[in-house]
Every structure is written in C-alpha cells, then in structure tokens.
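Source file: model14.txt. Holds: compact mmCIF, C-alpha atoms.
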# COMPACT_ATOMS: atom_id res chain seq x y z
CA MET A 1 -22.62 16.72 100.58
CA LEU A 2 -22.07 13.78 98.27
CA ARG A 3 -18.95 11.72 97.97
CA ASN A 4 -17.93 10.52 94.59
CA GLY A 5 -15.73 7.53 93.92
CA ALA A 6 -14.08 5.67 91.10
CA ALA A 7 -15.99 3.51 88.65
CA GLY A 8 -15.69 0.05 90.24
CA GLY A 9 -18.59 -2.13 91.27
CA GLY A 10 -19.07 -4.42 88.29
CA PRO A 11 -19.88 -8.13 88.69
CA ALA A 12 -16.23 -8.91 89.44
CA ALA A 13 -16.49 -6.72 92.54
CA GLY A 14 -19.02 -9.18 93.95
CA GLY A 15 -16.34 -11.79 94.55
CA ARG A 16 -16.65 -13.76 91.30
CA ALA A 17 -13.83 -16.22 90.71
CA ALA A 18 -10.92 -14.89 88.67
CA ALA A 19 -12.74 -15.28 85.38
CA ARG A 20 -11.95 -13.34 82.24
CA PRO A 21 -13.17 -9.74 82.65
CA VAL A 22 -16.49 -9.03 80.94
CA ARG A 23 -15.97 -6.32 78.34
CA VAL A 24 -18.97 -4.14 77.50
CA TRP A 25 -19.55 -1.96 74.43
CA CYS A 26 -21.71 1.18 74.16
CA ASP A 27 -21.85 3.58 71.26
CA GLY A 28 -23.55 6.79 70.22
CA CYS A 29 -23.22 10.39 69.06
CA TYR A 30 -22.92 11.84 72.59
CA ASP A 31 -23.42 15.26 71.07
CA MET A 32 -24.99 17.02 74.03
CA VAL A 33 -23.90 14.82 76.91
CA HIS A 34 -26.29 15.00 79.88
CA TYR A 35 -26.90 12.92 83.02
CA GLY A 36 -29.19 10.59 81.01
CA HIS A 37 -26.19 9.51 78.93
CA SER A 38 -24.09 9.17 82.09
CA ASN A 39 -26.78 6.99 83.67
CA GLN A 40 -26.84 4.72 80.61
CA LEU A 41 -23.05 4.31 80.83
CA ARG A 42 -23.27 3.70 84.59
CA GLN A 43 -25.78 0.88 84.00
CA ALA A 44 -23.69 -0.59 81.19
CA ARG A 45 -20.53 -0.55 83.32
CA ALA A 46 -22.39 -2.39 86.10
CA MET A 47 -23.12 -5.25 83.66
CA GLY A 48 -19.43 -6.02 83.24
CA ASP A 49 -15.88 -5.17 84.28
CA TYR A 50 -14.59 -2.92 81.50
CA LEU A 51 -16.58 -0.40 79.44
CA ILE A 52 -15.57 0.77 75.98
CA VAL A 53 -17.60 3.59 74.45
CA GLY A 54 -17.62 4.08 70.69
CA VAL A 55 -18.19 7.67 69.59
CA HIS A 56 -19.29 8.45 66.02
CA THR A 57 -17.48 10.95 63.79
CA ASP A 58 -18.97 14.29 62.71
CA GLU A 59 -19.30 12.90 59.17
CA GLU A 60 -21.29 9.82 60.27
CA ILE A 61 -23.66 11.88 62.43
CA ALA A 62 -24.20 14.47 59.68
CA LYS A 63 -25.10 11.66 57.27
CA HIS A 64 -27.72 10.03 59.54
CA LYS A 65 -28.99 12.81 61.83
CA GLY A 66 -27.73 16.19 60.64
CA PRO A 67 -24.58 18.06 61.74
CA PRO A 68 -23.60 17.75 65.42
CA VAL A 69 -23.30 20.76 67.75
CA PHE A 70 -19.95 19.65 69.17
CA THR A 71 -16.90 18.51 67.21
CA GLN A 72 -15.78 14.91 67.46
CA GLU A 73 -12.72 15.95 69.52
CA GLU A 74 -14.99 17.74 72.03
CA ARG A 75 -17.33 14.74 72.16
CA TYR A 76 -14.46 12.28 72.70
CA LYS A 77 -13.18 14.35 75.63
CA MET A 78 -16.65 14.74 77.14
CA VAL A 79 -17.30 10.97 77.13
CA GLN A 80 -13.82 10.21 78.48
CA ALA A 81 -14.57 12.48 81.46
CA ILE A 82 -17.49 10.27 82.58
CA LYS A 83 -16.20 8.19 85.46
CA TRP A 84 -17.74 4.86 84.40
CA VAL A 85 -15.95 4.89 81.02
CA ASP A 86 -12.74 2.86 80.89
CA GLU A 87 -11.86 3.53 77.26
CA ILE A 88 -13.25 5.37 74.24
CA ALA A 89 -13.19 4.17 70.63
CA PRO A 90 -13.06 7.24 68.38
CA GLY A 91 -14.76 7.01 64.98
CA ALA A 92 -17.04 4.08 65.81
CA PRO A 93 -19.37 3.08 62.93
CA TYR A 94 -23.00 4.25 63.15
CA VAL A 95 -24.31 0.70 62.74
CA THR A 96 -23.12 -1.66 65.48
CA THR A 97 -21.78 -4.89 63.99
CA LEU A 98 -20.34 -8.14 65.33
CA GLU A 99 -17.10 -7.14 63.60
CA THR A 100 -16.87 -4.04 65.86
CA LEU A 101 -17.60 -6.05 69.03
CA ASP A 102 -14.97 -8.63 68.06
CA LYS A 103 -12.42 -5.94 67.13
CA TYR A 104 -12.61 -4.54 70.68
CA ASN A 105 -13.01 -7.99 72.25
CA CYS A 106 -16.40 -7.06 73.74
CA ASP A 107 -18.87 -9.67 74.96
CA PHE A 108 -22.00 -7.63 74.21
CA CYS A 109 -23.26 -4.14 73.63
CA VAL A 110 -25.69 -2.13 75.77
CA HIS A 111 -28.22 0.43 74.62
CA GLY A 112 -31.24 2.21 76.10
CA ASP A 113 -34.79 0.99 75.54
CA ASP A 114 -35.34 3.30 72.55
CA ILE A 115 -34.78 2.38 68.91
CA THR A 116 -31.99 4.02 66.91
CA LEU A 117 -32.50 4.01 63.14
CA THR A 118 -30.18 4.61 60.20
CA ILE A 119 -31.01 7.11 57.44
CA ASP A 120 -32.83 4.32 55.56
CA GLY A 121 -34.91 3.27 58.59
CA LYS A 122 -33.00 0.17 59.74
CA ASP A 123 -32.40 -0.69 63.42
CA THR A 124 -28.70 0.04 64.04
CA TYR A 125 -28.51 -2.88 66.51
CA GLU A 126 -30.25 -5.48 64.28
CA GLU A 127 -27.17 -7.69 63.79
CA VAL A 128 -26.06 -7.83 67.43
CA LYS A 129 -29.66 -8.41 68.59
CA ALA A 130 -30.02 -11.38 66.24
CA THR A 131 -26.91 -13.04 67.67
CA GLY A 132 -27.77 -12.49 71.35
CA ARG A 133 -24.99 -9.98 71.99
CA TYR A 134 -27.28 -7.13 72.97
CA ARG A 135 -28.40 -5.95 76.41
CA GLU A 136 -30.84 -3.20 77.27
CA CYS A 137 -30.73 -0.63 80.05
CA LYS A 138 -33.43 1.71 81.33
CA ARG A 139 -33.73 5.17 79.86
CA THR A 140 -33.53 8.01 82.41
CA GLN A 141 -37.00 9.47 82.75
CA GLY A 142 -37.42 13.23 82.53
CA VAL A 143 -34.40 14.18 80.41
CA SER A 144 -33.52 14.10 76.74
CA THR A 145 -31.47 16.22 74.37
CA THR A 146 -34.71 17.37 72.73
CA ASP A 147 -36.10 18.43 76.12
CA LEU A 148 -32.96 20.45 76.97
CA VAL A 149 -32.90 22.11 73.55
CA GLY A 150 -36.58 22.94 74.05
CA ARG A 151 -35.73 24.74 77.31
CA MET A 152 -33.01 26.73 75.51
CA LEU A 153 -35.32 27.70 72.66
CA LEU A 154 -37.89 28.88 75.22
CA MET A 155 -35.16 30.89 76.87
CA THR A 156 -34.19 32.80 73.72
CA LYS A 157 -37.81 33.63 72.98
CA ALA A 158 -38.48 34.93 76.47
CA HIS A 159 -35.29 35.92 78.25
CA HIS A 160 -35.83 39.65 77.79
CA SER A 161 -39.28 39.54 79.35
CA ASN A 162 -39.99 39.39 83.07
CA ILE A 163 -41.62 36.00 83.38
CA GLY A 164 -42.22 34.47 86.77
CA PRO A 165 -41.32 35.82 90.21
CA LYS A 166 -38.06 37.72 90.68
CA GLY A 167 -35.04 35.51 91.26
CA HIS A 168 -36.60 32.46 89.66
CA SER A 169 -35.84 30.69 86.39
CA PRO A 170 -39.11 29.48 84.87
CA TRP A 171 -37.33 26.83 82.81
CA THR A 172 -36.00 24.76 85.72
CA GLY A 173 -39.67 24.17 86.53
CA VAL A 174 -40.10 22.72 83.04
CA SER A 175 -37.94 19.74 84.02
CA GLN A 176 -39.82 16.45 84.38
CA PHE A 177 -36.89 14.86 86.24
CA LEU A 178 -37.68 13.55 89.72
CA GLN A 179 -34.67 13.29 92.01
CA THR A 180 -34.51 10.35 94.41
CA SER A 181 -32.00 9.41 97.10
CA GLN A 182 -31.44 6.15 95.21
CA LYS A 183 -30.34 8.01 92.07
CA ILE A 184 -27.89 10.13 94.08
CA ILE A 185 -26.46 7.02 95.77
CA GLN A 186 -26.01 5.34 92.36
CA PHE A 187 -24.04 8.33 91.05
CA ALA A 188 -22.04 9.02 94.23
CA SER A 189 -19.89 6.01 95.02
CA GLY A 190 -18.46 7.53 98.19
CA LYS A 191 -14.75 7.99 98.98
CA GLU A 192 -13.61 10.05 101.94
CA PRO A 193 -10.43 12.15 101.75
CA GLN A 194 -7.34 10.09 102.59
CA PRO A 195 -4.21 11.24 104.46
CA GLY A 196 -1.99 13.13 101.99
CA ASP A 197 -4.90 14.25 99.78
CA THR A 198 -5.00 17.88 98.67
CA ILE A 199 -8.57 19.04 99.29
CA ILE A 200 -9.53 21.51 96.57
CA TYR A 201 -12.78 23.47 96.59
CA VAL A 202 -14.47 24.84 93.46
CA ALA A 203 -17.90 26.45 93.27
CA GLY A 204 -20.38 27.51 90.64
CA ALA A 205 -23.57 26.75 88.74
CA PHE A 206 -22.11 24.03 86.48
CA ASP A 207 -25.23 24.49 84.36
CA LEU A 208 -25.56 22.27 81.26
CA PHE A 209 -22.33 20.55 82.35
CA HIS A 210 -20.11 20.87 79.28
CA ILE A 211 -16.60 20.62 77.84
CA GLY A 212 -15.61 24.02 79.31
CA HIS A 213 -16.37 22.68 82.80
CA VAL A 214 -14.46 19.46 82.04
CA ASP A 215 -11.38 21.40 80.85
CA PHE A 216 -11.43 23.49 84.05
CA LEU A 217 -11.86 20.51 86.39
CA GLU A 218 -9.15 18.56 84.58
CA LYS A 219 -6.71 21.47 85.05
CA VAL A 220 -7.66 21.74 88.75
CA HIS A 221 -7.15 17.97 89.10
CA GLN A 222 -3.61 18.36 87.73
CA LEU A 223 -2.66 20.84 90.47
CA ALA A 224 -1.96 18.12 93.04
CA GLU A 225 -0.50 14.63 93.17
CA LYS A 226 -3.50 13.35 95.16
CA PRO A 227 -6.37 15.78 94.50
CA TYR A 228 -9.73 15.51 96.25
CA ILE A 229 -12.03 17.96 94.49
CA ILE A 230 -15.17 19.20 96.21
CA ALA A 231 -17.62 21.00 93.91
CA GLY A 232 -20.03 23.42 95.57
CA LEU A 233 -23.24 23.82 93.57
CA HIS A 234 -25.35 26.92 94.11
CA PHE A 235 -29.13 26.70 94.44
CA ASP A 236 -31.24 27.74 91.42
CA GLN A 237 -32.27 31.08 92.93
CA GLU A 238 -28.62 32.01 93.66
CA VAL A 239 -27.59 31.10 90.10
CA ASN A 240 -30.42 33.23 88.73
CA ARG A 241 -29.22 36.18 90.85
CA TYR A 242 -25.72 36.24 89.34
CA LYS A 243 -26.39 34.76 85.89
CA GLY A 244 -29.62 36.64 85.15
CA LYS A 245 -31.88 35.96 82.15
CA ASN A 246 -33.68 32.69 82.83
CA TYR A 247 -30.72 30.71 84.09
CA PRO A 248 -30.19 28.04 85.25
CA ILE A 249 -31.47 25.80 82.46
CA MET A 250 -30.96 22.69 84.61
CA ASN A 251 -32.26 22.61 88.16
CA ILE A 252 -30.09 21.83 91.20
CA HIS A 253 -31.01 18.10 91.11
CA GLU A 254 -30.01 17.74 87.46
CA ARG A 255 -26.81 19.73 87.94
CA THR A 256 -25.87 17.54 90.92
CA LEU A 257 -25.98 14.34 88.86
CA SER A 258 -24.14 15.96 85.94
CA VAL A 259 -21.20 16.96 88.17
CA LEU A 260 -21.18 13.66 90.11
CA ALA A 261 -20.71 11.78 86.82
CA CYS A 262 -17.38 13.58 86.20
CA ARG A 263 -14.28 11.54 87.04
CA TYR A 264 -12.37 14.58 88.38
CA VAL A 265 -14.91 15.36 91.12
CA SER A 266 -14.78 13.56 94.48
CA GLU A 267 -17.65 15.21 96.33
CA VAL A 268 -20.53 17.62 95.74
CA VAL A 269 -22.07 20.14 98.13
CA ILE A 270 -25.71 20.68 97.13
CA GLY A 271 -26.74 24.27 97.71
CA ALA A 272 -23.31 25.61 98.67
CA PRO A 273 -23.22 29.16 100.07
CA TYR A 274 -22.20 31.79 97.51
CA ALA A 275 -19.50 33.21 99.78
CA VAL A 276 -16.70 30.75 100.55
CA THR A 277 -16.72 31.17 104.32
CA ALA A 278 -14.26 30.31 107.08
CA ASP A 279 -16.78 27.72 108.35
CA LEU A 280 -16.89 25.99 104.97
CA LEU A 281 -13.09 25.97 104.60
CA ASP A 282 -12.59 24.60 108.13
CA HIS A 283 -15.40 22.03 107.87
CA PHE A 284 -13.97 20.43 104.72
CA ARG A 285 -10.29 21.10 105.67
CA VAL A 286 -9.80 22.85 102.33
CA THR A 287 -6.19 23.49 101.30
CA LEU A 288 -6.88 25.25 97.98
CA VAL A 289 -9.80 27.17 96.43
CA CYS A 290 -9.89 27.53 92.64
CA HIS A 291 -11.90 29.63 90.22
CA GLY A 292 -11.78 29.82 86.42
CA MET A 293 -11.24 32.93 84.31
CA THR A 294 -14.93 33.87 84.25
CA GLU A 295 -16.12 36.99 86.06
CA VAL A 296 -16.71 36.76 89.82
CA VAL A 297 -20.00 38.51 90.61
CA PRO A 298 -20.03 40.18 94.07
CA ASP A 299 -22.24 38.74 96.82
CA LYS A 300 -25.59 40.37 97.66
CA ASP A 301 -23.89 42.81 100.04
CA GLY A 302 -21.27 43.77 97.44
CA SER A 303 -18.48 41.73 99.04
CA ASP A 304 -16.05 39.39 97.25
CA PRO A 305 -17.26 35.76 97.69
CA TYR A 306 -13.59 34.65 97.72
CA GLU A 307 -12.48 37.17 100.36
CA GLU A 308 -11.73 34.52 103.03
CA PRO A 309 -9.66 32.10 100.87
CA LYS A 310 -7.75 35.13 99.51
CA ARG A 311 -7.07 36.31 103.07
CA ARG A 312 -5.71 32.83 103.88
CA GLY A 313 -3.56 32.82 100.74
CA ILE A 314 -5.20 29.65 99.37
CA PHE A 315 -7.05 31.14 96.39
CA GLN A 316 -5.90 30.37 92.84
CA LEU A 317 -7.21 31.38 89.42
CA VAL A 318 -7.04 28.51 86.93
CA ASP A 319 -6.94 29.08 83.19
CA SER A 320 -8.50 26.03 81.53
CA GLY A 321 -7.49 27.24 78.07
CA SER A 322 -11.15 26.97 77.05
CA ASN A 323 -13.35 29.99 76.34
CA LEU A 324 -16.55 27.95 76.31
CA THR A 325 -19.24 29.15 78.70
CA THR A 326 -22.83 28.00 79.20
CA ASP A 327 -23.94 31.15 77.31
CA LEU A 328 -21.81 30.25 74.27
CA ILE A 329 -22.94 26.63 74.40
CA VAL A 330 -26.61 27.73 74.43
CA GLN A 331 -25.98 30.02 71.43
CA ARG A 332 -24.22 27.23 69.54
CA ILE A 333 -26.95 24.67 70.24
CA ILE A 334 -29.77 27.03 69.26
CA LYS A 335 -28.02 28.13 66.05
CA ASN A 336 -27.51 24.49 65.08
CA ARG A 337 -31.08 23.49 65.93
CA LEU A 338 -32.70 26.41 64.10
CA GLU A 339 -30.55 25.76 61.01
CA PHE A 340 -31.45 22.08 61.20
CA GLU A 341 -35.18 22.87 61.50
CA ALA A 342 -34.99 25.40 58.63
CA ARG A 343 -33.18 22.86 56.44
CA ASN A 344 -35.82 20.20 57.19
CA GLN A 345 -38.66 22.64 56.45
CA LYS A 346 -36.98 23.59 53.16
CA LYS A 347 -36.55 19.91 52.25
CA GLU A 348 -40.20 19.14 53.13
CA ALA A 349 -41.42 22.14 51.10
CA LYS A 350 -39.34 20.98 48.12
CA GLU A 351 -40.71 17.42 48.36
CA LEU A 352 -44.26 18.78 48.66
CA ALA A 353 -43.74 20.98 45.57
CA VAL A 354 -42.49 17.95 43.58
CA LEU A 355 -45.49 15.87 44.70
CA GLU A 356 -47.92 18.64 43.74
CA ALA A 357 -46.25 19.05 40.33
CA MET A 358 -46.53 15.30 39.72
CA LYS A 359 -50.17 15.38 40.78
CA ARG A 360 -50.91 18.25 38.33
CA LEU A 361 -49.21 16.33 35.52
CA GLU A 362 -51.36 13.30 36.30
CA GLU A 363 -54.52 15.47 36.27
CA GLU A 364 -53.55 17.05 32.95
CA LYS A 365 -53.15 13.60 31.40
CA HIS A 366 -56.71 12.77 32.32
Rewritten as structure tokens:
Amino acid sequence: MLRNGAAGGGPAAGGRAAARPVRVWCDGCYDMVHYGHSNQLRQARAMGDYLIVGVHTDEEIAKHKGPPVFTQEERYKMVQAIKWVDEIAPGAPYVTTLETLDKYNCDFCVHGDDITLTIDGKDTYEEVKATGRYRECKRTQGVSTTDLVGRMLLMTKAHHSNIGPKGHSPWTGVSQFLQTSQKIIQFASGKEPQPGDTIIYVAGAFDLFHIGHVDFLEKVHQLAEKPYIIAGLHFDQEVNRYKGKNYPIMNIHERTLSVLACRYVSEVVIGAPYAVTADLLDHFRVTLVCHGMTEVVPDKDGSDPYEEPKRRGIFQLVDSGSNLTTDLIVQRIIKNRLEFEARNQKKEAKELAVLEAMKRLEEEKH
C-alpha cells in the first residue's frame, strides 16, 4: 500500500525566503514514457520550484531519430500526466538553446547523464552547457526504451511456445531493475484520504503504463469532486494467468513506479487480490469501484472478481474513449521498430554498395 501525493517538495518547500521561484526546463521525445523518464522529471523538479517539459514534434524526431511510435498529441498528454510536471511546452526544438530557456523564463535545464546527439553528431546541450545553465541528474539503472522494446521483440518471437514454468512470464525476469524502499518512497509522496474524499478503487496489470491507462484514470478522476484513487496492481503470476502469452512485460516493481508517477493516482496496493473482496472494500472504505471497457476474465474458480462491489451497488464501468490496450501498444512498437531496423539495414546496404562501386572504379583506374 503506497500513498501518492502531489508534486511539491522543491527547494522552496525547505523554508527558503520568499525568493523568485526557480524554474526548471527539461526536454525530450518522450516517445515510450517509462518510469526512467518519470524519475528524471522527479529529480529535475526537486532542483527547483516549477518544471516545464518541452516535447519535440513528430517531424523533429523523425528528422533526428526516425519516426516516433506515438503521435505528438499522445506524447504531450502522457508527459502532462506525470505528477512532477507543472507545464508542458509542445513543439520544443530538438537542440536546447538559451533562447528557449529565456522564452520560458527558465533558470537552467536538466538532463540525464547520457549524451544526446543531433543528426550531424553535435551535443544538443552544447550551448546551455557552455553558459553554465545545465544540470545533470542520474539515469535510472535497469530500464531504457531499448531494453523494453527488446523484451517485446523477444515476446513476439516466443509467445506461442511454452517457455518457462506455467504461470510465469520469462520476460519480467529479463529486467535488470532493482527495487528499493528508497525508490518507492521517492515516488510515493504520501497523502491520506481526507474527510469528504471519494475513495475510488481500480485494479489491473497496468503493464507498460501507457496513454490508454492515462485516459481511463483521467476519466475516473473526473467522477468526483475530491477523488482519492487507489490502484490495485496484480502480481506477475496473476497477470500471466489472465493475460496469457508472456505477459506482463514489466514486473510488479516496475509497474508500481509507473503507476505511482501518474498524477491521478493517490495510492497503490502492490499485489492486490484479483477478486475485489468485502475485506478490501471495508479496509480502504471504498465508495466506488471502476473498471474500463476491457474484458473481465473470471477468477480461478470461475466467479466474477467484481461480484462484491456489484452486490453493494458501487461498481461502475468507465469508457475512457480510448481503444488502446497493452497488446495494441506492443504491436505498434514492434511494427515501428522492425520498420526502422529494416530501413537502417537498407540504407547501410546502399552505402556499402556505393563504397564497393567506388573501390572497383579506383582499382580499374590502376
């Protein structure tokens, strides 16, 4: 059980005199947002009082890195849902300049301890580094977009075969992420329900936390004037039982941080029971239980996991208006990555052919 609070906690929270708020700038593609990105934004927000995040357009990303998986509108919404973000700047330039920092009245920009290069090999933070308006934060060990895509590619190659023991996803074991109590405390900033709050319970895998989940949680959040949303996360083995294949792609520790980073969630139950029981509802004083439009798989004994909240008349289906599921996201990411790899191979083969032709011409001259 982890309580989740508002952003807060920058230097001003430490009792600094009423100085001008420190405005911090971050930017990036944020194409496949994961808890590593959230952790970078958490660290950046802690360096100041107000965090603005610049998100690049589809066109800019395609020019420097290849086409993104998610549209710019999806990416803007995904970043805005991270609780440490105060404001987003759509269409931020790929190269971070002093002009951009000044335009948004930011004191400095923050980036991870990895180098980002333009298409012509230049450091995108060269200008702000040279003028001392650059800060660095630690990269989150054990997760990267490449790593997650790798897990998905493994999944498509093997999900029809029976790998590993029954009821176990082999890919969650691939994760190099090591959960610590400190990391959970950093992500969960702890607010208890207040008098007058509507306590809403939602449950699921929340695997590869994505825009479909954000749309659902935002809609649930809008159901009450003072919502307090508790998200119950199922253990890996439970998710594998009802999702099949080699799900989940992210293990319970990774999924916990992903959900905690969302501004609509107040608390997380790690390893929630699949059936929403009377004990659970009474313990958390739940007034409403919500589920999206996805199929509800029966419990092991064939019963409806939402039988008790339905009996109490507190169950509600919520249509997020989004048809995106983890399955569709995986398909989209893999299609994009395979096309990208094929295009690169084609380009390399073409360059190699040109070099060989030039070499033959040189040999013929001699």
Checklist line | Among the residues A:Met358, A:Val202, A:Ala224, A:Val214, the one that comes closest to Arg263 in chain A [using all atoms listed in the file] | finding: A:Val214
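Considering all atoms listed in the file, the residue among A:His213, A:His283, A:Arg360, A:His291 positioned nearest to Thr326 in chain A is A:His213.
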Margin query: Could you list, as JSON, numbers by chain, every residue within 10 Å of Glu127 in chain A, counting only C-alpha atoms and ignoring same-chain residues fewer than 4 positions away?
Written below: {"A": [95, 96, 97, 98, 123, 131, 132, 133, 134]}
Next item on the list: Using CA of Val289 in chain A and CA of Val259 in chain A as the two end points, give the distance in Å to one decimal.
Entry: 17.4 Å
Note to self: What's the separation between CA of Asp319 in chain A and CA of Asn246 in chain A, in Å to one decimal place?
What the structure shows: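 CA of Asn246 in chain A lies at a distance of 27.0 Å from CA of Asp319 in chain A.
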Margin query: What's the separation between CA of Cys290 in chain A and CA of Leu217 in chain A, in Å to one decimal place?
Written below: 9.6 Å
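Distance annotation: of A:Ile52, A:Ala205, A:Leu233, A:Val239, the residue with the minimal separation from Asp86 in chain A is A:Ile52; atom set is all atoms listed in the file.
Minimum atom-to-atom distances from A:Val24, A:Gly204, A:Ile270, A:Gln237 to Asp102 in chain A were compared using only C-alpha atoms, and the lowest value belongs to A:Val24.
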Notebook entry, point to check: Mind listing as a list in words all residues within 10 Å of (-30.3, 14.8, 62.7), counting all atoms listed in the file?
Noted result: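 The answer, in the requested form, is Ile61, Ala62, Lys63, His64, Lys65, Gly66, Pro67, Pro68, Ile119, Arg337, Phe340, Glu341 and Asn344 of chain A.
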Next item on the list: For Glu87 in chain A, please output as a VMD selection string all residues within 8 Å (counting only C-alpha atoms; exclusion window: fewer than 4 positions along the same chain).
Entry: chain A and resid 51 to 53 80
Next item on the list: Name the residues, using the chain letters and numbers of the file, that sit within 10 Å of (-30.4, 29.7, 96.5) when counting only C-alpha atoms, and give them as a ChimeraX atom specification.
Entry: /A:167-168,233-241,252,271-274
Using C-alpha atoms, can you export the residues from the last selection as a CSV table (one decimal), in the coordinates of the input?
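In the end it all went to selection_15.csv:
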chain,number,residue,atom,x,y,z
A,167,GLY,CA,-35.0,35.5,91.3
A,168,HIS,CA,-36.6,32.5,89.7
A,233,LEU,CA,-23.2,23.8,93.6
A,234,HIS,CA,-25.4,26.9,94.1
A,235,PHE,CA,-29.1,26.7,94.4
A,236,ASP,CA,-31.2,27.7,91.4
A,237,GLN,CA,-32.3,31.1,92.9
A,238,GLU,CA,-28.6,32.0,93.7
A,239,VAL,CA,-27.6,31.1,90.1
A,240,ASN,CA,-30.4,33.2,88.7
A,241,ARG,CA,-29.2,36.2,90.8
A,252,ILE,CA,-30.1,21.8,91.2
A,271,GLY,CA,-26.7,24.3,97.7
A,272,ALA,CA,-23.3,25.6,98.7
A,273,PRO,CA,-23.2,29.2,100.1
A,274,TYR,CA,-22.2,31.8,97.5
Note to self: Residues near Pro227 in chain A, anyone? I mean within 10 Å using all atoms listed in the file, not counting same-chain ones fewer than 3 positions away, as a VMD selection string.
What the structure shows: chain A and resid 193 to 194 196 to 200 220 to 224 230 264 to 266
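Using all atoms listed in the file for every distance, the candidate list A:Cys137, A:Ile184, A:Leu352, A:Ala357 yields A:Ile184 as the residue closest to Ala261 in chain A.
Proximity to Leu208 in chain A was assessed for A:Pro305, A:Gly48, A:Gly190, A:Pro248 counting only C-alpha atoms; the smallest distance is recorded for A:Pro248.
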For Phe108 in chain A, work out the shell of residues within 8 Å, counting all atoms listed in the file and skipping chain neighbours fewer than 2 positions away, then give it as a PDB file with C-alpha atoms, in the coordinates of the input.
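Listing of around.pdb after writing:
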ATOM      1  CA  ARG A  23     -15.970  -6.320  78.340  1.00  0.00           C
ATOM      2  CA  VAL A  24     -18.970  -4.140  77.500  1.00  0.00           C
ATOM      3  CA  TRP A  25     -19.550  -1.960  74.430  1.00  0.00           C
ATOM      4  CA  LEU A 101     -17.600  -6.050  69.030  1.00  0.00           C
ATOM      5  CA  CYS A 106     -16.400  -7.060  73.740  1.00  0.00           C
ATOM      6  CA  VAL A 110     -25.690  -2.130  75.770  1.00  0.00           C
ATOM      7  CA  VAL A 128     -26.060  -7.830  67.430  1.00  0.00           C
ATOM      8  CA  ARG A 133     -24.990  -9.980  71.990  1.00  0.00           C
ATOM      9  CA  TYR A 134     -27.280  -7.130  72.970  1.00  0.00           C
ATOM     10  CA  ARG A 135     -28.400  -5.950  76.410  1.00  0.00           C
TER      11      ARG A 135
END
